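These notes concern the structure reproduced below.
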Amino acid sequence: MNIVAGVFFGLGVIFSIMGNIGVLLFPDAYTRLQASSTCSTTSVLSFLIGCMFITGWGPMFGRLLAITLFFFVTSPISAHIIARFAWKNGVVAWRRISPPRKREPSNG
Amino acid sequence: MLVWVIRFLVVSLVFSMIRVVIGPTVADRMIGLNMVAAQTLALLVTISVSMERSVYLDVALVYDIFGFLGILVMARYFSGRKGEL
């Protein structure tokens with residue numbers, strides 16, 4: 001059981017590092033929201049499932065299951081609320097600037 | 001193993017707070033707060049499992065509910081203020 005819990009903790013650490021790097025480096029609110037949603041949902045669920053494997057069957061397992069179900073419902077909802085808030089309040093989506101045209105100026 | 005998970009989560013929380021501090025708009029700060037709340041939930045659960053006290057799991061559940069309500073309340077409060085974004 002400890003080996004399976006270690007695998008889930010490793011997955012959670014990898015997803016958390018990727019989410020933090022994405023939130024720090026991405027250029028826009030919407031792209032940052034995608035990285036943040038990945039980090040918060042996947043890594044926290046991996047940590048919770050690893051904790052379930054450590055505790056085993058018992059009263060703590062039921063509480064962990066309740067926390068996991070509630071978090072699995074509310075995390076995408078809160079990400080959707082933030083995206084809707086940003087869209088309604090006019091946050092402009094990021095676009096890559098088009099490269100300048102290499103046209104020679106005609107001198108008559 | 002759990003001790004290293006707790007240490008990693010504390011360091012990751014500090015790196016998540018950077019986006020809350022430097023975020024240019026309100027939406028960026030809300031993204032950072034959402035991530036900080038999620039990782040604090042994982043930290044509370046890991047601490048309670050490592051100490052084997054089931055009382056802290058109830059604290060973690062209540063913290064999760066209030067984090068979600070906080071995002072809702074902030075989205076209601078800041079909407080409709082286009083000049084202050």
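In the structure tokens, chains take the letters A, B, ... in the order shown, each chain's residues start at 1, and ligands count up from 1 in the order shown.
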
So that each row is one residue of chain A with an atom at most 8 Å from chain B, can you give its shortest atom pair and the distance in Å to one decimal, using only C-alpha atoms, rows by chain and rising number, as CSV?
```
residue,atom,partner,partner_atom,distance
A:Gly6,CA,B:Met1,CA,7.5
A:Phe9,CA,B:Val5,CA,7.4
A:Val13,CA,B:Phe8,CA,7.8
A:Ser16,CA,B:Ser12,CA,7.7
A:Ile17,CA,B:Ser12,CA,7.7
A:Asn20,CA,B:Ser16,CA,6.5
A:Val23,CA,B:Arg19,CA,7.3
A:Leu24,CA,B:Arg19,CA,6.6
A:Ala29,CA,B:Asp28,CA,5.8
A:Arg32,CA,B:Ile31,CA,7.6
A:Leu33,CA,B:Ile31,CA,6.3
A:Ser36,CA,B:Met35,CA,6.2
A:Ser37,CA,B:Met35,CA,7.9
A:Cys39,CA,B:Met35,CA,7.5
A:Ser40,CA,B:Ala38,CA,5.6
A:Thr41,CA,B:Ala38,CA,8.0
A:Val44,CA,B:Ala42,CA,5.8
A:Phe47,CA,B:Ala42,CA,6.6
A:Leu48,CA,B:Ala42,CA,7.0
A:Cys51,CA,B:Val49,CA,6.8
A:Ile54,CA,B:Val49,CA,8.0
A:Thr55,CA,B:Val49,CA,7.1
A:Met60,CA,B:Ser54,CA,6.0
A:Arg63,CA,B:Leu57,CA,6.7
A:Leu64,CA,B:Leu57,CA,7.3
A:Ile67,CA,B:Leu61,CA,5.8
A:Phe71,CA,B:Asp64,CA,7.2
A:Thr74,CA,B:Phe68,CA,6.9
A:Ser75,CA,B:Phe68,CA,7.9
A:Ser78,CA,B:Phe68,CA,6.6
A:Ala79,CA,B:Ile31,CA,7.9
A:Ile81,CA,B:Ala75,CA,7.3
A:Ile82,CA,B:Ala27,CA,6.6
A:Phe85,CA,B:Ala75,CA,6.2
A:Ala86,CA,B:Ala27,CA,5.9
A:Lys88,CA,B:Ser79,CA,7.9
A:Asn89,CA,B:Lys82,CA,6.1
A:Gly90,CA,B:Lys82,CA,7.6
```

For this session: Measure the distance from CA of Arg96 (chain A) to CA of Pro27 (chain A) in Å and round it to one decimal.
Result: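 Distance reported for this atom pair: 10.1 Å.
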